[in-house]
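Chemist: Structure below; questions to follow.
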Amino acid sequence: MTIQNRLNQIRERLTDADALLIISPVNRRYVTGFASSDGMVLITRDSACLIVDSRYILAASENVSLTGSEFSVHLTSAANGSFTDIARKFLNIEQITRVGFEDEYVSFAESETLREKLKAELVPCGQILRELRAVKSEGEILRLRAAQELTDEVFSDMLAVIRPGVTEKRVAAELTYRTLLKGALNVSFDPIVASGANSAKPHAVPTDRELRRGDFVTLDFGCILDGYCSDMTRTIALGEVSEERRMVYETVLRAQEAGISAALPQVSGKAVHEAAAQVIADAGYGAFFGHGFGHGVGLEIHESPNASPSWDKPLPENAVISAEPGIYLPDKFGVRIEDVIVIRHSGAESITHSEKSLIVL
Ligand code: ZN
Ligand code: ZN
């Protein structure tokens with residue numbers, strides 16, 4: 001998928017407005033291939049402008065000539081004016097009065113300012129980018145695969161770190177450190193390390209609790225590599241594993257496999273969730289799986305589409321989602337297993353390769 005193709009796809013979908021204004025860093029990166037903290041993108045039927053300040057002008061110009069897209073690069077300055085001054089100039093030239101904007105990203109106050117400065121009607125168009133981003137190109141899937149591979153490597157290294165006496169915070173710090181050492185730009189979210197009864201909290205924050213024999217330890221973590229996020233969860237056991245724990249673990253694993261098998265193009269996110277939830281309910285733990293089966297992963301750690309009860313739309317082919325059912329028994333323990341999968345015509349393809357049978361350290 002070239003940048004120019006993306007521009008064409010946006011134009012095809014731009015029916016309620018005559019231009020699309022893009023402000024969010026992640027969407028600017030998606031449509032231009034260029035990442036910067038500040039900037040503005042304006043796409044009309046006849047033009048595509050990337051407006052940057054002096055910090056980014058050289059890099060932005062280089063990037064545009066590399067990708068060979070039709071973007072023209074413009075610099076904010078005392079003479080040229082601000083981001084909105086430059087955007088308004090283009091709107092005036094093409095006599096555009098209806099401008100699409102990222103309605104979920106731009107605050108109400110910011111939208112009022114934009115309306116005033118651009119002298120245009122603002123039309124909610126965030127959906128266009130959400131839907132385009134939900135379908136990954138093979139180039140994006142390659143990057144997601146690389147990010148996931150790095151995360152697999154970190155997990156395998158972590159098996160030497162996890163032992164009784166080490167605190168959850170220490171494990172979280174090691175996760176972050178090793179992720180950065182392997183070349184990731186950053187972690188994709190603050191790692192979750194939850195041991196013992198803490199593992200019954202799906203989004204536990206690491207504490208000073210020391211790991212003990214008999215614990216289940218849940219690690220949920222990921223990285224950002226080349227702009228794309230990874231996300232994985234494994235629950236591992238320290239020392240002996242009770243019958244109940246083993247059964248809960250096996251149930252979560254079977255639920256995950258059922259959800260992955262159900263994840264085909266055009267099947268709804270809700271149906272995928274339900275395939276997994278059914279396995280958990282049949283085992284008698286229906287009340288202990290409270291979150292959705294999965295979420296889209298891409299430039300952001302949570303994006304469209306979702307595999308959750310409220311998502312009755314079909315999953316598109318080449319969507320990339322997490323597959324992360326769990327069972328959480330309050331005050332006892334919890335288990336979650338998470339892979340990232342690509343929705344393919346012939347069946348979901350997992351791009352997470354770490355061991356899924358219960359690891360006992
Ligand atoms: Zn996760
Ligand atoms: Zn996740």
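Following the order of the structure tokens, chains are lettered A, B, ..., residues in each are numbered from 1, and ligands are numbered from 1.
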Could you name the residues that touch region 314-316 of chain A at 9 Å or less, counting only C-alpha atoms, but leaving out those on the same chain fewer than 3 positions away, as a VMD selection string?

Modeler: chain A and resid 134 to 135 263 to 270 305 to 307 311 319 343 to 344

Chemist: Can you pull out every residue with an atom within 7 Å of ligand 1? Use only C-alpha atoms and all ligand atoms and format it as a PyMOL selection string.

Modeler: chain A and resi 220-221+231-233+338

Chemist: Residues within 12 Å of ligand 2, counting only C-alpha atoms and all ligand atoms: report them as a PyMOL selection string.

Modeler: chain A and resi 188-192+202-203+219-223+229-234+291-298+300-303+306-307+320-326+336-341

Chemist: Just N, CA and C atoms for this one: save the residues we selected as a compact mmCIF listing (two decimals), in the first residue's frame.

Modeler:
# COMPACT_ATOMS: atom_id res chain seq x y z
N SER A 188 4.48 -0.43 24.37
CA SER A 188 3.22 0.05 23.78
C SER A 188 2.21 0.42 24.86
N PHE A 189 2.47 0.02 26.10
CA PHE A 189 1.67 0.44 27.26
C PHE A 189 2.46 0.01 28.49
N ASP A 190 2.10 0.53 29.66
CA ASP A 190 2.82 0.15 30.87
C ASP A 190 2.60 -1.35 31.11
N PRO A 191 3.67 -2.12 31.26
CA PRO A 191 3.49 -3.56 31.39
C PRO A 191 2.65 -3.92 32.63
N ILE A 192 1.87 -4.96 32.47
CA ILE A 192 1.10 -5.49 33.60
C ILE A 192 1.85 -6.72 34.11
N PRO A 202 -7.74 -7.98 36.01
CA PRO A 202 -7.26 -7.99 34.62
C PRO A 202 -6.24 -6.89 34.32
N HIS A 203 -6.41 -5.69 34.88
CA HIS A 203 -5.46 -4.62 34.59
C HIS A 203 -4.72 -4.17 35.84
N LEU A 219 1.81 -11.78 32.78
CA LEU A 219 2.58 -10.70 32.15
C LEU A 219 1.83 -10.26 30.91
N ASP A 220 1.51 -8.98 30.84
CA ASP A 220 0.83 -8.43 29.65
C ASP A 220 1.65 -7.23 29.22
N PHE A 221 2.22 -7.29 28.03
CA PHE A 221 3.18 -6.25 27.64
C PHE A 221 3.31 -6.20 26.12
N GLY A 222 3.99 -5.16 25.66
CA GLY A 222 4.20 -5.03 24.22
C GLY A 222 5.16 -3.90 23.93
N CYS A 223 5.49 -3.75 22.65
CA CYS A 223 6.45 -2.71 22.28
C CYS A 223 5.93 -1.91 21.09
N CYS A 229 2.51 -1.43 17.05
CA CYS A 229 2.45 -1.96 18.42
C CYS A 229 2.38 -3.48 18.44
N SER A 230 2.90 -4.04 19.50
CA SER A 230 2.67 -5.46 19.77
C SER A 230 1.99 -5.56 21.13
N ASP A 231 1.43 -6.73 21.40
CA ASP A 231 0.65 -6.94 22.62
C ASP A 231 0.60 -8.43 22.88
N MET A 232 1.07 -8.86 24.02
CA MET A 232 0.91 -10.29 24.35
C MET A 232 0.75 -10.49 25.84
N THR A 233 0.09 -11.58 26.19
CA THR A 233 -0.06 -11.95 27.60
C THR A 233 0.25 -13.43 27.75
N ARG A 234 1.01 -13.74 28.78
CA ARG A 234 1.18 -15.12 29.17
C ARG A 234 1.01 -15.19 30.69
N HIS A 291 -14.29 -9.06 30.21
CA HIS A 291 -13.88 -8.11 29.16
C HIS A 291 -14.04 -8.72 27.78
N GLY A 292 -13.76 -7.94 26.77
CA GLY A 292 -13.91 -8.41 25.40
C GLY A 292 -12.81 -9.38 25.03
N PHE A 293 -13.06 -10.19 24.01
CA PHE A 293 -12.08 -11.18 23.54
C PHE A 293 -10.86 -10.50 22.93
N GLY A 294 -11.09 -9.39 22.21
CA GLY A 294 -9.94 -8.79 21.54
C GLY A 294 -10.18 -7.39 21.02
N HIS A 295 -9.10 -6.72 20.66
CA HIS A 295 -9.15 -5.36 20.12
C HIS A 295 -8.18 -5.26 18.96
N GLY A 296 -8.45 -4.32 18.07
CA GLY A 296 -7.53 -4.10 16.96
C GLY A 296 -6.18 -3.60 17.48
N VAL A 297 -5.11 -3.97 16.77
CA VAL A 297 -3.75 -3.53 17.11
C VAL A 297 -3.11 -3.00 15.83
N GLY A 298 -2.44 -1.87 15.94
CA GLY A 298 -1.78 -1.31 14.76
C GLY A 298 -0.86 -0.19 15.17
N GLU A 300 -1.80 2.10 16.88
CA GLU A 300 -2.19 2.26 18.29
C GLU A 300 -2.43 0.90 18.90
N ILE A 301 -2.27 0.85 20.21
CA ILE A 301 -2.43 -0.44 20.90
C ILE A 301 -3.90 -0.86 20.96
N HIS A 302 -4.80 0.08 20.95
CA HIS A 302 -6.23 -0.24 20.85
C HIS A 302 -6.80 0.53 19.68
N GLU A 303 -7.25 -0.17 18.67
CA GLU A 303 -7.90 0.49 17.54
C GLU A 303 -8.96 -0.44 16.97
N ASN A 306 -13.03 -4.37 17.04
CA ASN A 306 -13.01 -5.11 18.29
C ASN A 306 -13.70 -6.46 18.13
N ALA A 307 -13.26 -7.40 18.94
CA ALA A 307 -13.98 -8.68 19.03
C ALA A 307 -14.60 -8.69 20.42
N VAL A 320 -6.11 -6.85 12.10
CA VAL A 320 -5.21 -7.47 13.08
C VAL A 320 -5.79 -7.20 14.46
N ILE A 321 -6.08 -8.28 15.17
CA ILE A 321 -6.70 -8.11 16.50
C ILE A 321 -5.99 -8.98 17.54
N SER A 322 -6.20 -8.64 18.79
CA SER A 322 -5.69 -9.49 19.86
C SER A 322 -6.73 -10.57 20.14
N ALA A 323 -6.26 -11.67 20.73
CA ALA A 323 -7.15 -12.77 21.13
C ALA A 323 -6.80 -13.04 22.58
N GLU A 324 -7.61 -12.49 23.51
CA GLU A 324 -7.16 -12.48 24.91
C GLU A 324 -8.26 -12.77 25.93
N PRO A 325 -8.80 -13.97 25.89
CA PRO A 325 -9.78 -14.29 26.93
C PRO A 325 -9.08 -14.49 28.28
N GLY A 326 -9.85 -14.44 29.34
CA GLY A 326 -9.28 -14.65 30.67
C GLY A 326 -10.35 -15.14 31.62
N ARG A 336 -4.86 -15.16 31.92
CA ARG A 336 -5.18 -14.59 30.61
C ARG A 336 -4.09 -15.03 29.64
N ILE A 337 -4.48 -15.33 28.43
CA ILE A 337 -3.52 -15.69 27.38
C ILE A 337 -3.87 -14.83 26.17
N GLU A 338 -2.87 -14.14 25.65
CA GLU A 338 -3.14 -13.20 24.55
C GLU A 338 -2.13 -13.35 23.42
N ASP A 339 -2.66 -13.54 22.23
CA ASP A 339 -1.86 -13.53 21.01
C ASP A 339 -2.41 -12.43 20.12
N VAL A 340 -1.65 -12.07 19.10
CA VAL A 340 -2.18 -11.16 18.08
C VAL A 340 -2.38 -11.98 16.81
N ILE A 341 -3.54 -11.81 16.19
CA ILE A 341 -3.87 -12.62 15.01
C ILE A 341 -4.23 -11.72 13.82

Chemist: Find the residues near Ser199 (chain A): any atom within 6 Å, counting only C-alpha atoms, skip ones fewer than 5 places away on the same chain, and give them as a list in words.

Modeler: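 The residues that qualify are Ala194, Phe333 and Gly334 of chain A.
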
Chemist: Write to file, as a CSV table (one decimal), in the first residue's frame, the residues of the selection just made, with all heavy atoms.

Modeler:
chain,number,residue,atom,x,y,z
A,194,ALA,N,1.2,-9.2,37.3
A,194,ALA,CA,0.2,-9.5,38.3
A,194,ALA,C,0.4,-10.9,38.9
A,194,ALA,O,0.3,-11.9,38.1
A,194,ALA,CB,-1.2,-9.3,37.8
A,333,PHE,N,-6.9,-16.2,42.0
A,333,PHE,CA,-5.9,-16.0,40.9
A,333,PHE,C,-6.7,-15.7,39.6
A,333,PHE,O,-7.9,-15.9,39.5
A,333,PHE,CB,-5.1,-17.3,40.8
A,333,PHE,CG,-5.8,-18.5,40.4
A,333,PHE,CD1,-5.9,-18.8,39.0
A,333,PHE,CD2,-6.5,-19.3,41.3
A,333,PHE,CE1,-6.7,-19.9,38.6
A,333,PHE,CE2,-7.2,-20.4,40.9
A,333,PHE,CZ,-7.3,-20.7,39.5
A,334,GLY,N,-5.9,-15.4,38.6
A,334,GLY,CA,-6.5,-15.2,37.3
A,334,GLY,C,-5.6,-15.8,36.2
A,334,GLY,O,-4.4,-16.0,36.5

Chemist: Hey, which of A:Asn5, A:Asn92, A:Ser308, A:Ser54 ends up closest to Ala271 (chain A)? Count only C-alpha atoms.

Modeler: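 Closest to Ala271 (chain A) of all the choices is A:Ser308.
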
Chemist: If you measure from CA of Leu91 (chain A) to CA of Ala19 (chain A), what distance in Å do you get, rounded to one decimal?

Modeler: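 Computed distance, CA of Leu91 (chain A) to CA of Ala19 (chain A), equals 8.1 Å.
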
Chemist: Hey, which of A:Val342, A:Ser156, A:Asp226, A:Leu180 ends up closest to Ile359 (chain A)? Count only C-alpha atoms.

Modeler: A:Ser156

Chemist: Under the rule that only C-alpha atoms are counted, which of A:Val73, A:Ala146, A:Leu361, A:Ile351 is the nearest residue to Met158 (chain A)?

Modeler: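 Of A:Val73, A:Ala146, A:Leu361, A:Ile351, the one nearest Met158 (chain A), counting only C-alpha atoms, is A:Leu361.
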
Chemist: Could you check which of A:Ile86, A:Ile327, A:Leu50, A:Ala147 is closest to Ile224 (chain A), using only C-alpha atoms?

Modeler: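 Using only C-alpha atoms, the shortest distance to Ile224 (chain A) belongs to A:Ala147.
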
Chemist: Go ahead and compute the interatomic distance for CA of Arg133 (chain A) and CA of Ser304 (chain A), in Å to one decimal.

Modeler: 7.5 Å

Chemist: In Å to one decimal, how far is CA of Ser195 (chain A) from CA of Val166 (chain A)?

Modeler: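 Atom-to-atom, CA of Val166 (chain A) and CA of Ser195 (chain A) are spaced 10.6 Å apart.
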
Chemist: DSSP on the backbone: what in region 67-209 of chain A comes out helix (DSSP H, G or I), as a PyMOL selection string?

Modeler: chain A and resi 67+83-93+108-118+126-134+138-158+168-181+196-200

Chemist: Fewer than 2 positions away in the same chain doesn't count, so skip those; otherwise give me all residues within 12 Å of Ser111 (chain A), counting only C-alpha atoms, as a ChimeraX atom specification.

Modeler: /A:21,23,84,99-109,113-124

Chemist: Give the answer as one residue: which of A:Asp18, A:Glu62, A:Glu257, A:Glu243 has the shortest atom-to-atom distance to Gln95 (chain A), using only C-alpha atoms?

Modeler: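 For Gln95 (chain A), the nearest of the given residues is A:Asp18.
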
Chemist: Mind checking which residues fall within 10 Å of region 77-79 of chain A, counting only C-alpha atoms, ignoring those fewer than 3 positions away in the same chain, and posting them as a list in words?

Modeler: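 Neighbouring residues, sequence-local ones excluded: Val52, Asp53, Ser54, His74, Ser82, Phe83 and Ile86 of chain A.
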
Chemist: So that I have them on file, write out the residues from the current selection with all heavy atoms, as a CSV table (one decimal), in the first residue's frame.

Modeler:
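Everything below was put into result13.csv:
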chain,number,residue,atom,x,y,z
A,52,VAL,N,4.1,21.6,8.3
A,52,VAL,CA,5.0,21.4,9.5
A,52,VAL,C,5.6,22.7,9.9
A,52,VAL,O,5.6,23.7,9.2
A,52,VAL,CB,6.0,20.3,9.1
A,52,VAL,CG1,5.4,19.0,8.9
A,52,VAL,CG2,6.9,20.8,8.0
A,53,ASP,N,6.2,22.6,11.1
A,53,ASP,CA,7.0,23.8,11.5
A,53,ASP,C,8.5,23.5,11.2
A,53,ASP,O,8.8,22.5,10.7
A,53,ASP,CB,6.7,24.1,13.0
A,53,ASP,CG,7.1,23.0,13.9
A,53,ASP,OD1,8.2,22.4,13.7
A,53,ASP,OD2,6.3,22.7,14.9
A,54,SER,N,9.3,24.5,11.6
A,54,SER,CA,10.7,24.5,11.1
A,54,SER,C,11.5,23.2,11.7
A,54,SER,O,12.4,22.8,11.0
A,54,SER,CB,11.4,25.7,11.6
A,54,SER,OG,11.4,25.8,13.0
A,74,HIS,N,4.5,22.3,3.4
A,74,HIS,CA,4.5,23.7,3.7
A,74,HIS,C,5.0,24.0,5.1
A,74,HIS,O,4.7,23.2,6.0
A,74,HIS,CB,3.0,24.2,3.5
A,74,HIS,CG,2.5,23.8,2.2
A,74,HIS,ND1,2.6,24.6,1.1
A,74,HIS,CD2,1.9,22.7,1.8
A,74,HIS,CE1,2.1,24.0,0.1
A,74,HIS,NE2,1.6,22.9,0.4
A,82,SER,N,0.3,30.5,10.3
A,82,SER,CA,0.2,29.4,11.2
A,82,SER,C,-0.3,28.1,10.4
A,82,SER,O,-0.7,28.3,9.2
A,82,SER,CB,-0.8,29.7,12.3
A,82,SER,OG,-2.1,29.9,11.8
A,83,PHE,N,-0.5,27.0,11.1
A,83,PHE,CA,-1.0,25.8,10.5
A,83,PHE,C,-2.4,26.1,9.8
A,83,PHE,O,-2.7,25.8,8.7
A,83,PHE,CB,-1.2,24.7,11.5
A,83,PHE,CG,0.0,24.1,12.0
A,83,PHE,CD1,0.5,24.3,13.3
A,83,PHE,CD2,0.8,23.3,11.2
A,83,PHE,CE1,1.7,23.8,13.8
A,83,PHE,CE2,2.0,22.7,11.6
A,83,PHE,CZ,2.4,23.0,12.9
A,86,ILE,N,-2.3,28.5,6.7
A,86,ILE,CA,-1.9,27.8,5.5
A,86,ILE,C,-3.1,26.9,5.0
A,86,ILE,O,-3.4,26.9,3.8
A,86,ILE,CB,-0.6,27.0,5.7
A,86,ILE,CG1,0.5,28.0,6.1
A,86,ILE,CG2,-0.3,26.2,4.5
A,86,ILE,CD1,1.8,27.3,6.5

Chemist: Skip Ile280 (chain A) itself and residues of its chain fewer than 3 positions away, then list as an NGL selection string all residues within 9 Å of it, counting only C-alpha atoms.

Modeler: :A and (248 or 251-252 or 254-255 or 276-277 or 283-289 or 325-327)

Chemist: Please produce a file of the residues just selected, as a compact mmCIF listing (two decimals), in the first residue's frame, where the atoms kept are all heavy atoms.

Modeler:
# COMPACT_ATOMS: atom_id res chain seq x y z
N VAL A 248 -8.42 -24.19 35.06
CA VAL A 248 -8.74 -22.83 34.61
C VAL A 248 -7.82 -22.45 33.45
O VAL A 248 -8.26 -21.90 32.44
CB VAL A 248 -8.61 -21.83 35.79
CG1 VAL A 248 -8.64 -20.39 35.29
CG2 VAL A 248 -9.73 -22.07 36.80
N THR A 251 -8.90 -24.15 30.32
CA THR A 251 -10.16 -23.58 29.83
C THR A 251 -9.90 -22.28 29.06
O THR A 251 -10.45 -22.06 27.97
CB THR A 251 -11.13 -23.31 31.01
OG1 THR A 251 -11.32 -24.53 31.72
CG2 THR A 251 -12.46 -22.77 30.53
N VAL A 252 -9.04 -21.43 29.60
CA VAL A 252 -8.72 -20.17 28.92
C VAL A 252 -8.06 -20.46 27.57
O VAL A 252 -8.39 -19.84 26.55
CB VAL A 252 -7.83 -19.26 29.80
CG1 VAL A 252 -7.35 -18.03 29.03
CG2 VAL A 252 -8.58 -18.82 31.06
N ARG A 254 -8.39 -23.16 25.72
CA ARG A 254 -9.39 -23.70 24.78
C ARG A 254 -10.30 -22.57 24.28
O ARG A 254 -10.69 -22.54 23.12
CB ARG A 254 -10.22 -24.81 25.44
CG ARG A 254 -9.52 -26.18 25.38
CD ARG A 254 -10.45 -27.31 25.78
NE ARG A 254 -10.88 -27.18 27.17
CZ ARG A 254 -12.12 -26.96 27.57
NH1 ARG A 254 -13.09 -26.86 26.67
NH2 ARG A 254 -12.41 -26.85 28.86
N ALA A 255 -10.64 -21.64 25.18
CA ALA A 255 -11.49 -20.51 24.80
C ALA A 255 -10.77 -19.66 23.75
O ALA A 255 -11.36 -19.22 22.76
CB ALA A 255 -11.83 -19.66 26.03
N ALA A 276 -15.53 -17.80 22.17
CA ALA A 276 -14.61 -18.00 23.30
C ALA A 276 -15.39 -18.02 24.62
O ALA A 276 -15.15 -18.87 25.48
CB ALA A 276 -13.56 -16.89 23.32
N ALA A 277 -16.33 -17.08 24.75
CA ALA A 277 -17.08 -16.96 26.01
C ALA A 277 -17.87 -18.24 26.29
O ALA A 277 -18.04 -18.63 27.45
CB ALA A 277 -18.01 -15.76 25.94
N ALA A 283 -17.55 -24.33 31.00
CA ALA A 283 -16.71 -24.87 32.07
C ALA A 283 -17.14 -24.35 33.44
O ALA A 283 -16.53 -24.68 34.45
CB ALA A 283 -15.25 -24.51 31.80
N GLY A 284 -18.18 -23.49 33.44
CA GLY A 284 -18.71 -23.00 34.71
C GLY A 284 -18.10 -21.70 35.19
O GLY A 284 -18.32 -21.27 36.32
N TYR A 285 -17.32 -21.04 34.32
CA TYR A 285 -16.65 -19.80 34.74
C TYR A 285 -17.19 -18.56 34.03
O TYR A 285 -16.52 -17.53 33.98
CB TYR A 285 -15.14 -19.92 34.49
CG TYR A 285 -14.46 -20.96 35.34
CD1 TYR A 285 -14.06 -22.18 34.79
CD2 TYR A 285 -14.24 -20.74 36.70
CE1 TYR A 285 -13.44 -23.15 35.57
CE2 TYR A 285 -13.62 -21.70 37.48
CZ TYR A 285 -13.22 -22.91 36.91
OH TYR A 285 -12.61 -23.85 37.68
N GLY A 286 -18.39 -18.68 33.48
CA GLY A 286 -18.97 -17.59 32.68
C GLY A 286 -18.97 -16.25 33.39
O GLY A 286 -18.79 -15.20 32.76
N ALA A 287 -19.14 -16.26 34.70
CA ALA A 287 -19.23 -15.00 35.45
C ALA A 287 -17.86 -14.35 35.65
O ALA A 287 -17.76 -13.22 36.14
CB ALA A 287 -19.88 -15.25 36.81
N PHE A 288 -16.80 -15.06 35.27
CA PHE A 288 -15.46 -14.57 35.59
C PHE A 288 -14.65 -14.13 34.37
O PHE A 288 -13.43 -14.03 34.43
CB PHE A 288 -14.70 -15.65 36.40
CG PHE A 288 -15.46 -16.08 37.62
CD1 PHE A 288 -16.13 -17.30 37.65
CD2 PHE A 288 -15.54 -15.25 38.73
CE1 PHE A 288 -16.85 -17.68 38.77
CE2 PHE A 288 -16.26 -15.62 39.85
CZ PHE A 288 -16.92 -16.84 39.88
N PHE A 289 -15.36 -13.93 33.26
CA PHE A 289 -14.72 -13.39 32.04
C PHE A 289 -15.50 -12.14 31.67
O PHE A 289 -16.55 -12.22 31.03
CB PHE A 289 -14.77 -14.44 30.92
CG PHE A 289 -14.31 -13.94 29.57
CD1 PHE A 289 -13.26 -13.04 29.43
CD2 PHE A 289 -14.93 -14.39 28.40
CE1 PHE A 289 -12.85 -12.59 28.18
CE2 PHE A 289 -14.52 -13.96 27.13
CZ PHE A 289 -13.49 -13.06 27.03
N PRO A 325 -8.80 -13.97 25.89
CA PRO A 325 -9.78 -14.29 26.93
C PRO A 325 -9.08 -14.49 28.28
O PRO A 325 -7.86 -14.67 28.33
CB PRO A 325 -10.37 -15.61 26.44
CG PRO A 325 -9.26 -16.25 25.67
CD PRO A 325 -8.50 -15.12 25.03
N GLY A 326 -9.85 -14.44 29.34
CA GLY A 326 -9.28 -14.65 30.67
C GLY A 326 -10.35 -15.14 31.62
O GLY A 326 -11.55 -15.03 31.35
N ILE A 327 -9.90 -15.72 32.71
CA ILE A 327 -10.79 -16.08 33.83
C ILE A 327 -10.14 -15.49 35.08
O ILE A 327 -8.95 -15.69 35.31
CB ILE A 327 -10.94 -17.61 33.97
CG1 ILE A 327 -11.67 -18.19 32.74
CG2 ILE A 327 -11.69 -17.98 35.26
CD1 ILE A 327 -11.78 -19.72 32.75

Chemist: Using only C-alpha atoms, find the one residue out of A:Glu112, A:Glu317, A:Glu174, A:Gly227 that sits nearest to Ala35 (chain A).

Modeler: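 Checking each of A:Glu112, A:Glu317, A:Glu174, A:Gly227 against Ala35 (chain A), counting only C-alpha atoms, the winner is A:Gly227.
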
Chemist: Among region 74-241 of chain A, which ones does DSSP place in strand (DSSP E), written as a ChimeraX atom specification?

Modeler: /A:74-75,98-101,121-124,186-187,192-195,216-221,223-225,228-229,232-237
